[in-house]
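Chemist: Got a structure for you, final.txt, holding compact mmCIF, C-alpha atoms and all ligand atoms.
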# COMPACT_ATOMS: atom_id res chain seq x y z
CA MET A 1 -0.49 -38.88 -10.05
CA ARG A 2 0.35 -37.94 -6.47
CA VAL A 3 2.10 -34.57 -6.42
CA LEU A 4 3.93 -32.76 -3.62
CA ILE A 5 4.26 -28.98 -3.98
CA ALA A 6 6.58 -27.35 -1.46
CA GLY A 7 5.69 -23.66 -1.29
CA GLY A 8 2.15 -24.55 -2.42
CA GLY A 9 0.66 -21.75 -0.33
CA GLY A 10 2.59 -19.09 -2.20
CA PHE A 11 1.78 -17.03 -5.27
CA ILE A 12 3.04 -19.39 -8.01
CA GLY A 13 2.75 -22.57 -5.93
CA SER A 14 -0.99 -22.12 -5.31
CA HIS A 15 -1.63 -21.76 -9.06
CA LEU A 16 0.28 -25.00 -9.62
CA VAL A 17 -1.84 -26.71 -6.97
CA ASP A 18 -4.97 -25.67 -8.89
CA ARG A 19 -3.57 -26.83 -12.20
CA PHE A 20 -2.68 -30.36 -10.98
CA LEU A 21 -6.06 -30.69 -9.23
CA ASP A 22 -7.88 -29.53 -12.37
CA ARG A 23 -6.41 -32.38 -14.37
CA GLY A 24 -7.34 -34.99 -11.77
CA ASP A 25 -4.12 -35.43 -9.80
CA ALA A 26 -3.89 -35.60 -5.99
CA VAL A 27 -1.85 -32.80 -4.39
CA VAL A 28 -0.12 -32.32 -1.04
CA ALA A 29 0.99 -28.71 -0.46
CA VAL A 30 3.73 -28.24 2.13
CA ASP A 31 4.21 -24.67 3.32
CA SER A 32 5.46 -22.84 6.40
CA PHE A 33 3.58 -19.67 5.36
CA VAL A 34 6.67 -17.59 6.04
CA THR A 35 5.71 -15.51 2.97
CA GLY A 36 2.75 -17.46 1.55
CA ARG A 37 -0.86 -16.92 2.53
CA ARG A 38 -3.55 -19.36 3.63
CA GLN A 39 -6.14 -17.42 1.62
CA ASN A 40 -4.38 -18.62 -1.58
CA LEU A 41 -5.70 -22.10 -0.80
CA GLU A 42 -9.00 -21.26 0.94
CA HIS A 43 -11.03 -22.11 -2.17
CA LEU A 44 -9.83 -25.72 -1.89
CA SER A 45 -11.36 -26.53 1.49
CA GLY A 46 -13.48 -29.64 1.05
CA GLN A 47 -11.58 -30.75 -2.07
CA ASP A 48 -10.91 -34.46 -1.43
CA ARG A 49 -7.75 -34.76 -3.56
CA PHE A 50 -5.97 -31.93 -1.72
CA TRP A 51 -4.06 -31.87 1.59
CA LEU A 52 -2.25 -28.96 3.21
CA VAL A 53 0.67 -29.70 5.53
CA GLU A 54 1.99 -26.71 7.46
CA HIS A 55 5.69 -27.45 7.77
CA ASP A 56 9.10 -25.85 7.29
CA VAL A 57 11.03 -27.90 4.70
CA THR A 58 14.34 -27.22 6.43
CA LEU A 59 13.09 -29.51 9.22
CA GLU A 60 12.73 -33.28 8.88
CA LEU A 61 9.71 -34.02 6.71
CA PRO A 62 6.80 -35.95 8.22
CA ASP A 63 5.82 -39.21 6.51
CA LEU A 64 3.68 -37.98 3.63
CA GLY A 65 3.53 -41.20 1.61
CA ARG A 66 4.79 -41.75 -1.92
CA PHE A 67 4.78 -39.23 -4.76
CA ASP A 68 5.13 -39.34 -8.53
CA VAL A 69 6.22 -35.70 -8.71
CA VAL A 70 7.90 -33.38 -6.18
CA LEU A 71 8.05 -29.65 -7.01
CA ASN A 72 10.14 -27.31 -4.90
CA LEU A 73 8.74 -23.76 -4.96
CA ALA A 74 9.61 -23.10 -1.32
CA SER A 75 11.65 -19.93 -0.83
CA PRO A 76 11.02 -16.31 0.06
CA ALA A 77 11.38 -14.51 -3.27
CA SER A 78 11.01 -10.75 -2.79
CA PRO A 79 14.19 -8.65 -2.63
CA ASP A 80 12.74 -7.07 0.55
CA ASP A 81 12.99 -10.53 2.18
CA PHE A 82 16.68 -10.80 1.32
CA ALA A 83 17.47 -8.11 3.92
CA THR A 84 15.28 -9.54 6.67
CA MET A 85 15.69 -13.33 6.47
CA PRO A 86 18.94 -14.17 4.66
CA ILE A 87 19.82 -17.19 6.84
CA GLU A 88 16.35 -18.71 6.40
CA ILE A 89 16.63 -18.25 2.63
CA LEU A 90 20.05 -19.95 2.56
CA GLU A 91 18.75 -22.83 4.71
CA THR A 92 15.69 -23.30 2.54
CA GLY A 93 17.71 -23.42 -0.70
CA SER A 94 20.24 -25.84 0.78
CA VAL A 95 18.87 -28.06 3.56
CA GLY A 96 15.23 -27.73 2.46
CA ASN A 97 15.93 -28.50 -1.18
CA ARG A 98 18.05 -31.50 -0.18
CA ARG A 99 15.28 -32.96 1.98
CA LEU A 100 12.88 -32.72 -0.97
CA LEU A 101 15.46 -34.29 -3.29
CA ASP A 102 15.87 -37.18 -0.82
CA LEU A 103 12.12 -37.69 -0.79
CA ALA A 104 11.90 -37.62 -4.60
CA THR A 105 14.82 -40.04 -4.86
CA ALA A 106 13.27 -42.48 -2.38
CA CYS A 107 9.94 -42.35 -4.28
CA GLU A 108 11.59 -42.47 -7.73
CA ALA A 109 9.56 -39.33 -8.41
CA ARG A 110 10.28 -36.59 -10.91
CA PHE A 111 11.74 -33.57 -9.10
CA LEU A 112 11.37 -30.00 -10.30
CA LEU A 113 13.33 -27.11 -8.77
CA ALA A 114 11.94 -23.60 -9.17
CA SER A 115 15.19 -21.70 -9.70
CA THR A 116 15.46 -18.11 -10.82
CA SER A 117 16.87 -15.61 -13.28
CA GLU A 118 18.78 -14.29 -10.24
CA VAL A 119 21.36 -17.03 -10.87
CA TYR A 120 22.52 -14.73 -13.72
CA GLY A 121 23.11 -11.93 -11.16
CA ASP A 122 23.55 -8.51 -12.80
CA PRO A 123 24.13 -9.93 -16.29
CA GLN A 124 26.36 -8.52 -19.00
CA ILE A 125 24.95 -10.70 -21.79
CA HIS A 126 21.44 -9.95 -23.13
CA PRO A 127 19.15 -11.80 -23.44
CA GLN A 128 20.32 -14.42 -20.95
CA ARG A 129 20.77 -17.95 -22.29
CA GLU A 130 20.98 -20.97 -20.03
CA ASP A 131 24.69 -21.47 -20.80
CA TYR A 132 25.57 -17.97 -19.50
CA PRO A 133 27.22 -18.58 -16.10
CA GLY A 134 26.07 -15.21 -14.79
CA ARG A 135 27.57 -12.45 -12.68
CA VAL A 136 26.63 -12.95 -9.04
CA ASP A 137 28.37 -11.12 -6.22
CA PRO A 138 28.77 -13.87 -3.59
CA ILE A 139 28.72 -11.38 -0.70
CA GLY A 140 26.38 -8.76 -2.16
CA PRO A 141 22.94 -7.73 -0.84
CA ARG A 142 21.21 -10.36 -2.97
CA SER A 143 23.73 -13.13 -2.39
CA CYS A 144 21.62 -15.07 0.14
CA TYR A 145 18.99 -15.69 -2.53
CA ASP A 146 21.23 -15.94 -5.59
CA GLU A 147 23.70 -18.30 -3.95
CA ALA A 148 20.95 -20.37 -2.30
CA LYS A 149 19.41 -20.96 -5.73
CA ARG A 150 22.81 -21.65 -7.33
CA PHE A 151 23.55 -24.17 -4.55
CA ALA A 152 20.07 -25.67 -5.03
CA GLU A 153 20.77 -26.06 -8.76
CA ALA A 154 24.15 -27.67 -8.05
CA THR A 155 22.61 -30.09 -5.53
CA THR A 156 19.81 -30.94 -7.96
CA VAL A 157 22.24 -31.66 -10.80
CA ALA A 158 24.41 -33.79 -8.47
CA TYR A 159 21.38 -35.86 -7.41
CA GLY A 160 20.53 -36.34 -11.09
CA ILE A 161 24.01 -37.62 -11.88
CA HIS A 162 25.01 -39.47 -8.69
CA ARG A 163 21.70 -40.69 -7.24
CA GLY A 164 19.84 -41.25 -10.50
CA THR A 165 17.04 -38.85 -9.52
CA ASP A 166 14.79 -37.69 -12.36
CA VAL A 167 15.46 -33.95 -11.99
CA ALA A 168 14.47 -30.78 -13.81
CA ILE A 169 15.40 -27.14 -13.20
CA ALA A 170 13.28 -24.15 -14.28
CA ARG A 171 14.85 -20.69 -14.19
CA ILE A 172 11.84 -18.47 -13.60
CA PHE A 173 11.96 -14.80 -14.64
CA ASN A 174 9.81 -12.02 -13.10
CA THR A 175 6.24 -13.28 -12.84
CA TYR A 176 3.09 -11.43 -11.80
CA GLY A 177 -0.62 -12.14 -11.46
CA GLU A 178 -3.43 -12.98 -9.09
CA ARG A 179 -2.47 -13.96 -5.51
CA MET A 180 0.75 -11.96 -5.35
CA SER A 181 1.08 -10.72 -1.83
CA PRO A 182 0.11 -7.02 -2.09
CA PHE A 183 2.74 -5.68 0.29
CA ASP A 184 5.83 -7.84 -0.33
CA GLY A 185 7.63 -5.02 -2.14
CA ARG A 186 7.83 -6.57 -5.61
CA VAL A 187 7.23 -4.09 -8.36
CA VAL A 188 4.02 -5.13 -10.16
CA ASN A 189 1.91 -5.61 -7.04
CA THR A 190 3.42 -2.52 -5.37
CA PHE A 191 2.57 -0.35 -8.38
CA ILE A 192 -0.98 -1.78 -8.61
CA VAL A 193 -1.67 -1.17 -4.90
CA GLN A 194 -0.30 2.38 -5.21
CA ALA A 195 -2.28 3.09 -8.38
CA LEU A 196 -5.56 1.80 -6.92
CA ALA A 197 -5.07 4.20 -4.00
CA ASN A 198 -4.12 7.07 -6.36
CA LEU A 199 -0.75 7.31 -4.58
CA PRO A 200 2.51 8.06 -6.41
CA LEU A 201 4.16 5.04 -8.03
CA THR A 202 7.60 4.64 -6.41
CA VAL A 203 10.05 4.07 -9.27
CA HIS A 204 13.53 3.25 -7.99
CA GLY A 205 16.41 5.19 -9.52
CA ASP A 206 15.80 6.57 -13.00
CA GLY A 207 13.49 3.66 -13.86
CA ARG A 208 15.57 2.73 -16.91
CA GLN A 209 16.46 -0.67 -15.44
CA THR A 210 14.59 -3.38 -17.33
CA ARG A 211 12.66 -6.53 -16.50
CA SER A 212 10.54 -8.93 -18.56
CA PHE A 213 7.19 -9.65 -16.91
CA CYS A 214 5.48 -13.01 -17.41
CA TYR A 215 1.82 -13.57 -16.54
CA VAL A 216 1.36 -16.38 -14.03
CA ASP A 217 -0.91 -18.56 -16.24
CA ASP A 218 1.79 -18.64 -18.91
CA LEU A 219 4.48 -19.38 -16.36
CA VAL A 220 2.47 -22.26 -14.92
CA ASP A 221 1.92 -23.66 -18.45
CA GLY A 222 5.71 -23.68 -18.83
CA LEU A 223 6.30 -25.40 -15.48
CA MET A 224 3.64 -28.04 -16.26
CA ALA A 225 5.21 -28.68 -19.68
CA LEU A 226 8.62 -29.11 -18.03
CA CYS A 227 7.16 -31.43 -15.43
CA ASP A 228 5.55 -33.61 -18.10
CA SER A 229 8.66 -33.72 -20.29
CA ASP A 230 11.95 -35.54 -19.86
CA CYS A 231 13.88 -32.27 -20.18
CA ARG A 232 16.33 -31.68 -17.32
CA GLY A 233 17.12 -28.05 -18.03
CA PRO A 234 18.06 -25.68 -16.62
CA VAL A 235 15.50 -24.00 -18.84
CA ASN A 236 14.47 -20.34 -18.77
CA ILE A 237 10.73 -19.82 -18.30
CA GLY A 238 9.80 -16.18 -18.75
CA GLU A 239 8.46 -13.48 -21.02
CA PRO A 240 11.06 -12.31 -23.55
CA THR A 241 9.69 -8.75 -23.90
CA GLU A 242 12.06 -6.48 -21.99
CA ILE A 243 10.70 -3.14 -20.71
CA PRO A 244 12.04 -0.39 -18.43
CA VAL A 245 10.43 -0.13 -14.99
CA THR A 246 9.22 3.36 -15.84
CA GLU A 247 7.18 1.90 -18.72
CA LEU A 248 5.64 -0.65 -16.37
CA ALA A 249 4.53 2.27 -14.17
CA GLU A 250 2.85 3.93 -17.18
CA ARG A 251 1.05 0.68 -18.14
CA VAL A 252 -0.23 0.19 -14.57
CA ILE A 253 -1.57 3.76 -14.47
CA GLU A 254 -3.27 3.19 -17.83
CA VAL A 255 -4.86 -0.14 -16.88
CA THR A 256 -6.10 1.07 -13.48
CA GLY A 257 -7.27 4.46 -14.84
CA SER A 258 -5.49 5.94 -11.83
CA SER A 259 -4.69 9.62 -11.23
CA SER A 260 -1.34 8.62 -9.66
CA ALA A 261 1.87 10.37 -10.60
CA VAL A 262 5.21 8.62 -11.02
CA SER A 263 7.68 9.44 -8.26
CA TYR A 264 11.39 8.77 -8.81
CA MET A 265 13.23 7.87 -5.62
CA SER A 266 16.73 6.68 -4.83
CA LEU A 267 17.16 2.93 -4.55
CA PRO A 268 16.23 1.89 -0.98
CA ASP A 269 19.18 0.59 1.10
CA GLN A 270 17.85 -2.97 1.19
CA ARG A 271 17.69 -2.93 -2.61
CA GLY A 272 21.43 -2.86 -3.31
CA GLY A 273 22.67 -4.89 -6.28
CA ASP A 274 19.53 -4.18 -8.34
CA PRO A 275 20.25 -5.77 -11.76
CA GLN A 276 20.20 -3.22 -14.58
CA ARG A 277 18.81 -5.46 -17.31
CA ARG A 278 17.07 -8.80 -17.33
CA CYS A 279 15.51 -10.68 -20.23
CA PRO A 280 15.28 -14.41 -20.96
CA ASP A 281 16.30 -16.19 -24.12
CA ILE A 282 13.51 -18.79 -24.34
CA GLU A 283 14.69 -20.79 -27.37
CA MET A 284 15.31 -23.86 -25.23
CA ALA A 285 11.76 -23.75 -23.79
CA ARG A 286 10.35 -23.33 -27.32
CA LEU A 287 12.31 -26.28 -28.69
CA ALA A 288 12.28 -28.70 -25.74
CA LEU A 289 8.82 -27.92 -24.32
CA GLY A 290 6.96 -26.34 -27.23
CA TRP A 291 6.24 -23.49 -24.80
CA GLU A 292 6.12 -19.74 -25.14
CA PRO A 293 4.04 -17.13 -23.31
CA LYS A 294 0.77 -15.99 -24.87
CA VAL A 295 -0.57 -13.26 -22.58
CA GLY A 296 0.55 -9.69 -23.28
CA LEU A 297 1.36 -7.22 -20.49
CA VAL A 298 -1.84 -5.16 -20.71
CA GLU A 299 -4.03 -8.29 -20.74
CA GLY A 300 -2.17 -9.81 -17.79
CA LEU A 301 -2.18 -6.55 -15.85
CA THR A 302 -5.93 -6.15 -16.43
CA ALA A 303 -6.61 -9.58 -14.87
CA THR A 304 -4.25 -8.85 -11.99
CA VAL A 305 -5.80 -5.44 -11.31
CA ASP A 306 -9.29 -7.01 -11.32
CA TYR A 307 -8.09 -9.48 -8.71
CA PHE A 308 -6.61 -6.76 -6.49
CA ARG A 309 -9.81 -4.70 -6.84
CA GLY A 310 -12.06 -7.62 -6.01
CA VAL A 311 -10.29 -9.77 -3.47
CA GLU A 312 -7.56 -7.99 -1.60
CA ARG A 313 -8.27 -5.84 1.42
CA LEU A 314 -6.26 -2.77 0.50
CA PRO A 315 -5.91 0.38 2.61
P1 LIG B 401 5.95 -16.76 -2.56
O1 LIG B 401 6.70 -16.15 -1.43
O2 LIG B 401 4.56 -16.34 -2.80
O3 LIG B 401 5.96 -18.35 -2.43
C1 LIG B 401 6.99 -19.07 -1.78
C2 LIG B 401 6.31 -20.02 -0.80
O4 LIG B 401 7.31 -20.82 -0.14
C3 LIG B 401 5.55 -19.28 0.31
O5 LIG B 401 4.24 -19.80 0.43
C4 LIG B 401 6.38 -19.53 1.55
O6 LIG B 401 5.62 -19.50 2.74
C5 LIG B 401 6.99 -20.89 1.25
N1 LIG B 401 8.22 -21.16 1.97
C6 LIG B 401 9.34 -20.40 2.05
N2 LIG B 401 10.27 -20.99 2.81
C7 LIG B 401 9.74 -22.17 3.22
C8 LIG B 401 10.20 -23.23 4.03
N3 LIG B 401 11.44 -23.21 4.58
N4 LIG B 401 9.39 -24.29 4.23
C9 LIG B 401 8.16 -24.35 3.69
N5 LIG B 401 7.65 -23.35 2.92
C10 LIG B 401 8.43 -22.29 2.70
O7 LIG B 401 6.85 -16.54 -3.87
P2 LIG B 401 6.59 -16.94 -5.39
O8 LIG B 401 6.74 -15.71 -6.18
O9 LIG B 401 5.37 -17.75 -5.51
O10 LIG B 401 7.86 -17.85 -5.67
C11 LIG B 401 7.76 -19.28 -5.73
C12 LIG B 401 9.11 -19.84 -6.15
O11 LIG B 401 9.43 -19.38 -7.46
C13 LIG B 401 10.25 -19.44 -5.23
O12 LIG B 401 11.11 -20.54 -5.05
C14 LIG B 401 10.95 -18.35 -6.01
O13 LIG B 401 12.33 -18.29 -5.71
C15 LIG B 401 10.71 -18.77 -7.45
N6 LIG B 401 10.72 -17.61 -8.36
C16 LIG B 401 9.69 -16.72 -8.38
C17 LIG B 401 9.75 -15.63 -9.24
C18 LIG B 401 8.63 -14.62 -9.33
O14 LIG B 401 8.76 -13.65 -10.10
N7 LIG B 401 7.53 -14.78 -8.65
C19 LIG B 401 10.88 -15.44 -10.05
C20 LIG B 401 11.92 -16.35 -9.97
C21 LIG B 401 11.83 -17.45 -9.13
N1 LIG B 402 11.10 -1.43 -8.18
C1 LIG B 402 10.67 -0.11 -8.24
N2 LIG B 402 9.75 0.31 -7.32
C2 LIG B 402 9.23 -0.52 -6.36
C3 LIG B 402 9.65 -1.87 -6.34
C4 LIG B 402 10.60 -2.29 -7.26
O1 LIG B 402 11.11 0.68 -9.08
O2 LIG B 402 8.39 -0.05 -5.57
C5 LIG B 402 12.09 -1.88 -9.17
C6 LIG B 402 13.28 -2.61 -8.55
O3 LIG B 402 14.25 -1.69 -8.11
C7 LIG B 402 13.73 -3.46 -9.73
C8 LIG B 402 12.44 -3.80 -10.47
O4 LIG B 402 11.49 -2.83 -10.03
O5 LIG B 402 14.56 -2.72 -10.58
C9 LIG B 402 11.91 -5.19 -10.17
O6 LIG B 402 11.81 -5.34 -8.77
P1 LIG B 402 11.18 -6.64 -8.10
O7 LIG B 402 11.37 -6.51 -6.62
O8 LIG B 402 9.80 -6.85 -8.56
O9 LIG B 402 12.01 -7.86 -8.65
P2 LIG B 402 13.58 -8.13 -8.95
O10 LIG B 402 13.61 -8.36 -10.40
O11 LIG B 402 14.39 -6.96 -8.55
O12 LIG B 402 13.89 -9.34 -8.16
Re-express the file's structure as structure tokens.
Ligand code: NAD
Ligand code: UDP

Modeler:
Amino acid sequence: MRVLIAGGGGFIGSHLVDRFLDRGDAVVAVDSFVTGRRQNLEHLSGQDRFWLVEHDVTLELPDLGRFDVVLNLASPASPDDFATMPIEILETGSVGNRRLLDLATACEARFLLASTSEVYGDPQIHPQREDYPGRVDPIGPRSCYDEAKRFAEATTVAYGIHRGTDVAIARIFNTYGERMSPFDGRVVNTFIVQALANLPLTVHGDGRQTRSFCYVDDLVDGLMALCDSDCRGPVNIGEPTEIPVTELAERVIEVTGSSSAVSYMSLPDQRGGDPQRRCPDIEMARLALGWEPKVGLVEGLTATVDYFRGVERLP
């Protein structure tokens, strides 16, 4: 197959690139590197089934040939980005996603949108099922991302119905692993960097807010299964074990063997609208894709910590 991965230079996108190449497909990664990193793809130089195109998907796409699959992973994804580039995020989820849908439609390719658990906003139903419409504040601090992804979902569904495009939507929950950008402000990488430097781990608020952390290999298994299926979704792909942020801090200290303390701090200004609980119901993924995560938190953290110890240039 010929596969286009928009956002292929990012954390999750670069793992998907590897996975398609490993099974013999040809891959074109399109990335503006607004948040992604060239080093995520450095190991592929000289690989003859891989091409990197540095391009912003909100702009007209160059002629890249025909594809069997188009995956849209392109979007800044850290809450710290929501405060600094809201317009770019909105453009990427609207104009950028539409350009990729047009390409997939013209090629009669399967199209997969990487959506997010953020479409559920600050949910009041736990765990979140795909039929829960969510609780998003349309003008809140996270609205640029949440509404961009909701608009992207709506556009994707409309293309499926009105243009006959073969579409699928994955709602990805918090994912961590190798190649996360160490300083993008997301919690797992931030805690690991702090722990490796024996600095206090900065827990926001009282740390009782929960998340469910999925290891990237599991997540990519789920996205590949969705890609290869005829399921349209939206389908939740995530780890159903919900833990408070304070417990994540303890696990990171344990796995790194760090002497760091845990420091409780008030929620930074740019972090308004922090959801209190988040946990996926993954019954649909189990039934439709035969998928569920396999890697536990300590095992996944150990691999991630090894990566940060070995590869990243940390202060
Ligand atoms: P990331 O920032 O590492 O990857 C996103 C990639 O998209 C980056 O390489 C970035 O440079 C690229 N990009 C952004 N805007 C672009 C544009 N206009 N044109 C071309 N490239 C552009 O983040 P990630 O964690 O790998 O997230 C990948 C996707 O998965 C995103 O769409 C994100 O919303 C979604 N997602 C991620 C998580 C998570 O926990 N990591 C959770 C839910 C959803
Ligand atoms: N968080 C934290 N300390 C940090 C970074 C994040 O306590 O240094 C918290 C954040 O407030 C949120 C959770 O960890 O409650 C997950 O944050 P992240 O940015 O990873 O993802 P989110 O799920 O909020 O998009």

Chemist: Give me, as a PyMOL selection string, all polymer residues having an atom no more than 6 Å from A:Arg211, counting all atoms listed in the file and skipping those fewer than 5 positions away in the same chain.

Modeler: chain A and resi 242-243+278

Chemist: Residues of chain A within 7 Å of ligand LIG 401 (chain B): nearest atom pair and distance (Å, one decimal) for each, counting only C-alpha atoms and all ligand atoms, sorted by chain and number, as JSON lines?

Modeler:
{"residue": "A:Ala6", "atom": "CA", "partner": "B:LIG401", "partner_atom": "N5", "distance": 6.0}
{"residue": "A:Gly7", "atom": "CA", "partner": "B:LIG401", "partner_atom": "O4", "distance": 3.5}
{"residue": "A:Gly8", "atom": "CA", "partner": "B:LIG401", "partner_atom": "O5", "distance": 5.9}
{"residue": "A:Gly9", "atom": "CA", "partner": "B:LIG401", "partner_atom": "O5", "distance": 4.1}
{"residue": "A:Gly10", "atom": "CA", "partner": "B:LIG401", "partner_atom": "O5", "distance": 3.2}
{"residue": "A:Phe11", "atom": "CA", "partner": "B:LIG401", "partner_atom": "O9", "distance": 3.7}
{"residue": "A:Ile12", "atom": "CA", "partner": "B:LIG401", "partner_atom": "O9", "distance": 3.8}
{"residue": "A:Gly13", "atom": "CA", "partner": "B:LIG401", "partner_atom": "O9", "distance": 5.5}
{"residue": "A:Val30", "atom": "CA", "partner": "B:LIG401", "partner_atom": "C9", "distance": 6.1}
{"residue": "A:Asp31", "atom": "CA", "partner": "B:LIG401", "partner_atom": "N5", "distance": 3.7}
{"residue": "A:Ser32", "atom": "CA", "partner": "B:LIG401", "partner_atom": "C9", "distance": 4.1}
{"residue": "A:Phe33", "atom": "CA", "partner": "B:LIG401", "partner_atom": "O6", "distance": 3.3}
{"residue": "A:Val34", "atom": "CA", "partner": "B:LIG401", "partner_atom": "O6", "distance": 4.0}
{"residue": "A:Thr35", "atom": "CA", "partner": "B:LIG401", "partner_atom": "O6", "distance": 4.0}
{"residue": "A:Gly36", "atom": "CA", "partner": "B:LIG401", "partner_atom": "O5", "distance": 3.0}
{"residue": "A:Arg37", "atom": "CA", "partner": "B:LIG401", "partner_atom": "O5", "distance": 6.2}
{"residue": "A:His55", "atom": "CA", "partner": "B:LIG401", "partner_atom": "C9", "distance": 5.7}
{"residue": "A:Asp56", "atom": "CA", "partner": "B:LIG401", "partner_atom": "N4", "distance": 3.4}
{"residue": "A:Val57", "atom": "CA", "partner": "B:LIG401", "partner_atom": "N4", "distance": 4.0}
{"residue": "A:Thr58", "atom": "CA", "partner": "B:LIG401", "partner_atom": "N3", "distance": 5.3}
{"residue": "A:Asn72", "atom": "CA", "partner": "B:LIG401", "partner_atom": "O12", "distance": 6.8}
{"residue": "A:Leu73", "atom": "CA", "partner": "B:LIG401", "partner_atom": "O12", "distance": 4.0}
{"residue": "A:Ala74", "atom": "CA", "partner": "B:LIG401", "partner_atom": "O4", "distance": 3.4}
{"residue": "A:Ser75", "atom": "CA", "partner": "B:LIG401", "partner_atom": "C6", "distance": 3.7}
{"residue": "A:Pro76", "atom": "CA", "partner": "B:LIG401", "partner_atom": "O1", "distance": 4.6}
{"residue": "A:Ala77", "atom": "CA", "partner": "B:LIG401", "partner_atom": "O13", "distance": 4.6}
{"residue": "A:Glu88", "atom": "CA", "partner": "B:LIG401", "partner_atom": "N3", "distance": 6.9}
{"residue": "A:Ile89", "atom": "CA", "partner": "B:LIG401", "partner_atom": "N2", "distance": 6.9}
{"residue": "A:Thr92", "atom": "CA", "partner": "B:LIG401", "partner_atom": "N3", "distance": 4.7}
{"residue": "A:Gly96", "atom": "CA", "partner": "B:LIG401", "partner_atom": "N3", "distance": 6.3}
{"residue": "A:Ala114", "atom": "CA", "partner": "B:LIG401", "partner_atom": "O12", "distance": 5.2}
{"residue": "A:Ser115", "atom": "CA", "partner": "B:LIG401", "partner_atom": "C21", "distance": 5.4}
{"residue": "A:Thr116", "atom": "CA", "partner": "B:LIG401", "partner_atom": "C20", "distance": 4.0}
{"residue": "A:Ser117", "atom": "CA", "partner": "B:LIG401", "partner_atom": "C20", "distance": 6.0}
{"residue": "A:Arg171", "atom": "CA", "partner": "B:LIG401", "partner_atom": "C21", "distance": 6.7}
{"residue": "A:Ile172", "atom": "CA", "partner": "B:LIG401", "partner_atom": "C20", "distance": 4.2}
{"residue": "A:Phe173", "atom": "CA", "partner": "B:LIG401", "partner_atom": "C19", "distance": 4.8}
{"residue": "A:Asn174", "atom": "CA", "partner": "B:LIG401", "partner_atom": "O14", "distance": 3.6}
{"residue": "A:Thr175", "atom": "CA", "partner": "B:LIG401", "partner_atom": "O14", "distance": 3.7}
{"residue": "A:Tyr176", "atom": "CA", "partner": "B:LIG401", "partner_atom": "O14", "distance": 6.3}
{"residue": "A:Met180", "atom": "CA", "partner": "B:LIG401", "partner_atom": "O2", "distance": 6.3}
{"residue": "A:Ser181", "atom": "CA", "partner": "B:LIG401", "partner_atom": "O2", "distance": 6.7}

Chemist: From the list A:Pro79, A:Pro293, A:Gly140, A:Gly177, which residue is nearest ligand LIG 402 (chain B) when using only C-alpha atoms and all ligand atoms?

Modeler: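 The shortest atom-to-atom distance to ligand LIG 402 (chain B) comes from A:Pro79.
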
Chemist: Counting all atoms listed in the file, what residues are within 7 Å of ligand LIG 402 (chain B), given as a ChimeraX atom specification?

Modeler: /A:78-79,174,185-188,190-191,202-205,207,209-211,245,267,271,274-276

Chemist: Print the selection's residues with C-alpha atoms to a file, as a short mmCIF file (atom, residue, chain, number, x, y, z; two decimals), in the frame of the given file.

Modeler:
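Result file is selection.cif:
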data_model
loop_
_atom_site.label_atom_id
_atom_site.label_comp_id
_atom_site.auth_asym_id
_atom_site.auth_seq_id
_atom_site.Cartn_x
_atom_site.Cartn_y
_atom_site.Cartn_z
CA SER A 78 11.01 -10.75 -2.79
CA PRO A 79 14.19 -8.65 -2.63
CA ASN A 174 9.81 -12.02 -13.10
CA GLY A 185 7.63 -5.02 -2.14
CA ARG A 186 7.83 -6.57 -5.61
CA VAL A 187 7.23 -4.09 -8.36
CA VAL A 188 4.02 -5.13 -10.16
CA THR A 190 3.42 -2.52 -5.37
CA PHE A 191 2.57 -0.35 -8.38
CA THR A 202 7.60 4.64 -6.41
CA VAL A 203 10.05 4.07 -9.27
CA HIS A 204 13.53 3.25 -7.99
CA GLY A 205 16.41 5.19 -9.52
CA GLY A 207 13.49 3.66 -13.86
CA GLN A 209 16.46 -0.67 -15.44
CA THR A 210 14.59 -3.38 -17.33
CA ARG A 211 12.66 -6.53 -16.50
CA VAL A 245 10.43 -0.13 -14.99
CA LEU A 267 17.16 2.93 -4.55
CA ARG A 271 17.69 -2.93 -2.61
CA ASP A 274 19.53 -4.18 -8.34
CA PRO A 275 20.25 -5.77 -11.76
CA GLN A 276 20.20 -3.22 -14.58
#

Chemist: Which residues, protein or nucleic acid, reach to within 7 Å of (-6.1, 8.2, -6.9) in the file's coordinates when using only C-alpha atoms, and can you give that as a PyMOL selection string?

Modeler: chain A and resi 195-199+258-260

Chemist: Provide the atom CA of A:Arg110 to atom CA of A:Met1 distance in Å, to one decimal place.

Modeler: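 Atom-to-atom, atom CA of A:Arg110 and atom CA of A:Met1 are spaced 11.0 Å apart.
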
Chemist: Provide the atom CA of A:Leu52 to atom CA of A:Val216 distance in Å, to one decimal place.

Modeler: 21.6 Å

Chemist: Residues within 9 Å of stretch 222-224 of chain A, please, as a ChimeraX atom specification. Count all atoms listed in the file; anything in the same chain fewer than 5 positions from it doesn't count.

Modeler: /A:16,19-20,112,114,170,217,229,237-238,285,289-293

Chemist: If you keep C-alpha atoms, can you produce a file of those selected residues as a CSV table (one decimal), in the coordinates of the input?

Modeler:
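New file selection28.csv:
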chain,number,residue,atom,x,y,z
A,16,LEU,CA,0.3,-25.0,-9.6
A,19,ARG,CA,-3.6,-26.8,-12.2
A,20,PHE,CA,-2.7,-30.4,-11.0
A,112,LEU,CA,11.4,-30.0,-10.3
A,114,ALA,CA,11.9,-23.6,-9.2
A,170,ALA,CA,13.3,-24.2,-14.3
A,217,ASP,CA,-0.9,-18.6,-16.2
A,229,SER,CA,8.7,-33.7,-20.3
A,237,ILE,CA,10.7,-19.8,-18.3
A,238,GLY,CA,9.8,-16.2,-18.8
A,285,ALA,CA,11.8,-23.8,-23.8
A,289,LEU,CA,8.8,-27.9,-24.3
A,290,GLY,CA,7.0,-26.3,-27.2
A,291,TRP,CA,6.2,-23.5,-24.8
A,292,GLU,CA,6.1,-19.7,-25.1
A,293,PRO,CA,4.0,-17.1,-23.3
